[in-house]
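> Shown below is the structure under consideration.
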Amino acid sequence: MVTTVFCEINGLNIHYEEQGTGESVLFLHGWGSSMVPFVRLIDALKDTHRVVAVEFPGCGQSETMKTPWTNTDYCNFVIQFMEKVGLTDPVLIGHSHGGRVILELVGTARVHPPKIILLDSAGLIPEKTARQKRRAASFKLIKKTLTMPGIRRVSGGLLEKARKHYGSADYLAAPPVLRQTLVNLVNTDLSDLLPNITCPCLLIWGENDTDTPVAVAKRMEAAIPDAGLCLIKGGHFSFLDDTYAACAILRNFLS
């Protein structure tokens, strides 16, 4: 039976769902996403686990925060949510940004899960391609020029046009408070925390992921003491591209 409910965290109306009984598992989704992509993974675990999936502020049916957040703010939110719904040391499963939150939570010893599972996780700053470096340099030059005192008064909407041309799809789709939040997140590098993660860690990664490339997964595997990497078919949403493999690996790791 699916329980779809809302709770209040720091004045925000937050949407989450809960299914099953047994060992607790908490799903944390990626940037701008929701709990919906996790449906088939949840189905694979609900007969043996208490499965909870929450939607971050500004995502799915959850209310948007009023001011920009950092990754630490997301960690505070998860801890408050766990307390609100009675989750004690659940297994943590995070995709992309959800994985970034898990890395900080566990790497700073704010939570102590028995296991963690990272799906195409963010948290490290990938090496930029030559094209990405050129685009970044071009935008920085344009921004510097358009914000000079003598030019700012006559530049009109040129800076916003430049942002639209050079910005990522995630950045352009977000309202202002989430745009600044995204800027805070993409500049977060948690590599120094990885050696502090001592619980078993499973990395499930798409072999063709271009958002968080396999090189990022290999860096995580090397730095986290008890980590194992499973490459499967697909891209940044590999657990959707090859659901059968993802579910089989997940169940085996949690059994």
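Residues are named by chain letter and number: chains run A, B, ... in the order of the structure tokens, numbers start at 1 in each chain, and ligands are numbered from 1 in the order shown.
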From a backbone DSSP assignment, name each residue in region 12-142 of chain A labelled alpha helix (DSSP H), as an MDAnalysis selection string.
chainID A and resid 39:45 71:85 97:107 130:142
> I'd like the neighbourhood of Leu41 (chain A) as a PyMOL selection string, where a residue qualifies if any of its atoms comes within 8 Å (using only C-alpha atoms), though same-chain residues fewer than 6 positions away should be ignored.
chain A and resi 243+246-247
> Just N, CA, C and O atoms for this one: save the residues we selected as a PDB file, in the first residue's frame.

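Everything below was put into part-v4.pdb:
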ATOM      1  N   THR A 243      16.948  -0.953 -16.192  1.00  0.00           N
ATOM      2  CA  THR A 243      16.283  -1.162 -14.905  1.00  0.00           C
ATOM      3  C   THR A 243      16.489  -2.579 -14.373  1.00  0.00           C
ATOM      4  O   THR A 243      16.681  -2.775 -13.171  1.00  0.00           O
ATOM      5  N   ALA A 246      19.882  -2.780 -12.766  1.00  0.00           N
ATOM      6  CA  ALA A 246      19.937  -1.947 -11.568  1.00  0.00           C
ATOM      7  C   ALA A 246      19.196  -2.604 -10.408  1.00  0.00           C
ATOM      8  O   ALA A 246      19.695  -2.639  -9.279  1.00  0.00           O
ATOM      9  N   CYS A 247      18.019  -3.142 -10.672  1.00  0.00           N
ATOM     10  CA  CYS A 247      17.226  -3.776  -9.618  1.00  0.00           C
ATOM     11  C   CYS A 247      17.919  -5.026  -9.085  1.00  0.00           C
ATOM     12  O   CYS A 247      17.936  -5.284  -7.869  1.00  0.00           O
TER      13      CYS A 247
END
> Nearest to Ile125 (chain A): which of A:Val78, A:Lys66, A:Ala215, A:Pro57 is it, counting only C-alpha atoms?
A:Ala215
> Give me the residues near region 176-188 of chain A as a ChimeraX atom specification, where near means some atom within 10 Å (using only C-alpha atoms) and where sequence neighbours in that chain fewer than 5 positions away do not count.
/A:31-32,57-58,64-72,97,100-101,122-126,170-171
> Set the distance at 10 Å and use only C-alpha atoms: which residues neighbour Ser33 (chain A) once local chain neighbours fewer than 4 positions away are removed? I'd like the list as a PyMOL selection string.
chain A and resi 28-29+37+55-56+58-60+95-97
> Those same residues, written as a PDB file, in the first residue's frame with N, CA and C atoms?

ATOM      1  N   LEU A  28      16.746   9.611  -2.408  1.00  0.00           N
ATOM      2  CA  LEU A  28      16.937  11.044  -2.650  1.00  0.00           C
ATOM      3  C   LEU A  28      17.188  11.244  -4.141  1.00  0.00           C
ATOM      4  N   HIS A  29      16.344  12.035  -4.783  1.00  0.00           N
ATOM      5  CA  HIS A  29      16.393  12.179  -6.235  1.00  0.00           C
ATOM      6  C   HIS A  29      17.408  13.240  -6.692  1.00  0.00           C
ATOM      7  N   PRO A  37      11.109   8.890 -11.096  1.00  0.00           N
ATOM      8  CA  PRO A  37      12.038   7.951 -11.735  1.00  0.00           C
ATOM      9  C   PRO A  37      12.390   6.738 -10.880  1.00  0.00           C
ATOM     10  N   GLU A  55      10.624  14.384  -1.887  1.00  0.00           N
ATOM     11  CA  GLU A  55      10.933  15.334  -2.953  1.00  0.00           C
ATOM     12  C   GLU A  55      11.520  16.606  -2.351  1.00  0.00           C
ATOM     13  N   PHE A  56      12.698  16.981  -2.830  1.00  0.00           N
ATOM     14  CA  PHE A  56      13.368  18.172  -2.322  1.00  0.00           C
ATOM     15  C   PHE A  56      12.530  19.427  -2.591  1.00  0.00           C
ATOM     16  N   GLY A  58      11.144  22.665  -4.129  1.00  0.00           N
ATOM     17  CA  GLY A  58      11.230  23.143  -5.508  1.00  0.00           C
ATOM     18  C   GLY A  58      11.144  22.041  -6.537  1.00  0.00           C
ATOM     19  N   CYS A  59      10.935  20.799  -6.085  1.00  0.00           N
ATOM     20  CA  CYS A  59      10.850  19.654  -6.999  1.00  0.00           C
ATOM     21  C   CYS A  59       9.551  18.888  -6.754  1.00  0.00           C
ATOM     22  N   GLY A  60       9.035  18.268  -7.825  1.00  0.00           N
ATOM     23  CA  GLY A  60       7.819  17.487  -7.680  1.00  0.00           C
ATOM     24  C   GLY A  60       6.699  18.323  -7.101  1.00  0.00           C
ATOM     25  N   HIS A  95      20.385   9.549  -6.351  1.00  0.00           N
ATOM     26  CA  HIS A  95      20.759   9.741  -7.749  1.00  0.00           C
ATOM     27  C   HIS A  95      21.268  11.166  -7.942  1.00  0.00           C
ATOM     28  N   SER A  96      22.391  11.317  -8.635  1.00  0.00           N
ATOM     29  CA  SER A  96      22.923  12.618  -9.024  1.00  0.00           C
ATOM     30  C   SER A  96      23.045  13.548  -7.819  1.00  0.00           C
ATOM     31  N   HIS A  97      22.242  14.626  -7.757  1.00  0.00           N
ATOM     32  CA  HIS A  97      22.316  15.538  -6.617  1.00  0.00           C
ATOM     33  C   HIS A  97      21.999  14.837  -5.301  1.00  0.00           C
TER      34      HIS A  97
END
> So that I can check the surroundings of region 22-25 of chain A, please list as a list in words every protein, DNA and RNA residue that reaches within 8 Å of it, counting only C-alpha atoms and ignoring chain neighbours fewer than 2 positions away.
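Listing them by chain and then by number gives Gly20, Phe27, Thr48, His49, Arg50, Val51, Val52, Leu87, Thr88, Asp89, Pro90, Val91, Leu92 and Ile93 of chain A.
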> Keeping only N, CA and C atoms, write those residues as a CSV table (one decimal), in the first residue's frame.

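The new file part_39.csv reads:
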chain,number,residue,atom,x,y,z
A,20,GLY,N,5.8,-0.4,2.3
A,20,GLY,CA,6.4,-1.6,2.8
A,20,GLY,C,6.8,-1.5,4.3
A,27,PHE,N,15.2,7.2,-0.4
A,27,PHE,CA,15.6,7.6,-1.8
A,27,PHE,C,15.6,9.1,-1.8
A,48,THR,N,10.3,-6.1,1.0
A,48,THR,CA,11.3,-6.5,2.0
A,48,THR,C,11.8,-5.4,2.8
A,49,HIS,N,11.4,-4.1,2.5
A,49,HIS,CA,11.9,-2.9,3.1
A,49,HIS,C,10.8,-1.9,3.4
A,50,ARG,N,11.1,-1.1,4.3
A,50,ARG,CA,10.3,0.2,4.5
A,50,ARG,C,10.9,1.2,3.6
A,51,VAL,N,10.3,1.6,2.5
A,51,VAL,CA,10.9,2.4,1.5
A,51,VAL,C,10.2,3.8,1.5
A,52,VAL,N,11.0,4.8,1.7
A,52,VAL,CA,10.6,6.2,1.8
A,52,VAL,C,11.3,7.0,0.7
A,87,LEU,N,12.7,8.0,10.7
A,87,LEU,CA,13.7,7.2,10.1
A,87,LEU,C,15.0,7.2,10.9
A,88,THR,N,15.5,6.1,11.3
A,88,THR,CA,16.7,6.0,12.1
A,88,THR,C,17.7,5.2,11.3
A,89,ASP,N,18.8,5.9,10.9
A,89,ASP,CA,19.9,5.2,10.2
A,89,ASP,C,19.4,4.3,9.0
A,90,PRO,N,18.6,4.9,8.1
A,90,PRO,CA,18.2,4.1,6.9
A,90,PRO,C,19.3,3.9,5.9
A,91,VAL,N,19.2,2.9,5.1
A,91,VAL,CA,20.1,2.8,3.9
A,91,VAL,C,19.7,4.0,3.0
A,92,LEU,N,20.7,4.7,2.5
A,92,LEU,CA,20.5,5.9,1.7
A,92,LEU,C,20.8,5.6,0.3
A,93,ILE,N,19.9,5.9,-0.6
A,93,ILE,CA,20.1,5.7,-2.1
A,93,ILE,C,19.8,7.1,-2.7
> With only C-alpha atoms as the basis for distance, which of A:Phe81, A:Ser34, A:Leu45, A:Cys199 is at the shortest distance from Asn10 (chain A)?
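The shortest atom-to-atom distance to Asn10 (chain A) comes from A:Phe81.
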> Please, what distance in Å, to one decimal, runs between CA of Arg110 (chain A) and CA of Asp192 (chain A)?
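We find that CA of Arg110 (chain A) and CA of Asp192 (chain A) lie 15.6 Å from each other.
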> Which residues come within 6 Å of Leu118 (chain A), counting only C-alpha atoms, excluding same-chain residues fewer than 5 positions away, as a PyMOL selection string?
chain A and resi 93-94+99+203
> Choose the residue, out of A:Leu190, A:Leu202, A:Thr21, A:Leu240, that has the smallest atom-to-atom separation from Asn252 (chain A); count only C-alpha atoms.
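Using only C-alpha atoms, Asn252 (chain A) sits closest to A:Leu202.
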> One number please: CA of Leu103 (chain A) to CA of Val54 (chain A), in Å, one decimal.
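Answer for the CA of Leu103 (chain A) to CA of Val54 (chain A) separation: 17.3 Å.
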> Find the residue from A:Phe237, A:Leu194, A:Cys7, A:Ala174 that sits nearest to Gln80 (chain A); use only C-alpha atoms when measuring.
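Using only C-alpha atoms, Gln80 (chain A) sits closest to A:Cys7.
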> Using Å and a single decimal, report how far CA of Tyr74 (chain A) sits from CA of Gln61 (chain A).
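Going from CA of Gln61 (chain A) over to CA of Tyr74 (chain A), I get 16.7 Å.
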> Counting only C-alpha atoms, which residues of region 61-134 of chain A sit at most 8 Å from some atom of region 204-208 of chain A, and what is each one's closest atom pair with its distance in Å to one decimal, listed by chain and rising residue number, as JSON lines?

{"residue": "A:Ile117", "atom": "CA", "partner": "A:Ile204", "partner_atom": "CA", "distance": 7.5}
{"residue": "A:Leu118", "atom": "CA", "partner": "A:Ile204", "partner_atom": "CA", "distance": 6.3}
{"residue": "A:Leu119", "atom": "CA", "partner": "A:Ile204", "partner_atom": "CA", "distance": 5.0}
{"residue": "A:Asp120", "atom": "CA", "partner": "A:Trp205", "partner_atom": "CA", "distance": 4.9}
> Any chance you could export the current selection's all heavy atoms as a short mmCIF file (atom, residue, chain, number, x, y, z; two decimals), in the first residue's frame?

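Result saved to again-v6.cif:
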data_model
loop_
_atom_site.label_atom_id
_atom_site.label_comp_id
_atom_site.auth_asym_id
_atom_site.auth_seq_id
_atom_site.Cartn_x
_atom_site.Cartn_y
_atom_site.Cartn_z
N ILE A 117 24.01 3.75 -1.44
CA ILE A 117 24.01 3.41 -2.86
C ILE A 117 23.96 4.71 -3.65
O ILE A 117 23.04 5.52 -3.47
CB ILE A 117 22.82 2.51 -3.22
CG1 ILE A 117 22.89 1.21 -2.42
CG2 ILE A 117 22.79 2.21 -4.72
CD1 ILE A 117 21.62 0.39 -2.47
N LEU A 118 24.93 4.92 -4.50
CA LEU A 118 25.03 6.14 -5.30
C LEU A 118 24.78 5.80 -6.76
O LEU A 118 25.48 4.96 -7.34
CB LEU A 118 26.41 6.78 -5.13
CG LEU A 118 26.83 7.07 -3.69
CD1 LEU A 118 28.24 7.63 -3.65
CD2 LEU A 118 25.86 8.02 -3.01
N LEU A 119 23.78 6.44 -7.35
CA LEU A 119 23.40 6.21 -8.74
C LEU A 119 23.84 7.40 -9.58
O LEU A 119 23.30 8.50 -9.44
CB LEU A 119 21.88 6.04 -8.85
CG LEU A 119 21.21 5.04 -7.89
CD1 LEU A 119 19.70 5.20 -7.94
CD2 LEU A 119 21.62 3.62 -8.24
N ASP A 120 24.87 7.22 -10.41
CA ASP A 120 25.36 8.31 -11.26
C ASP A 120 25.45 9.59 -10.45
O ASP A 120 24.89 10.63 -10.80
CB ASP A 120 24.44 8.49 -12.48
CG ASP A 120 24.39 7.25 -13.35
OD1 ASP A 120 25.35 7.03 -14.10
OD2 ASP A 120 23.40 6.49 -13.27
#
> Find the residue from A:Asp73, A:Asp242, A:Glu63, A:Asp226 that sits nearest to Glu104 (chain A); use only C-alpha atoms when measuring.
A:Asp73
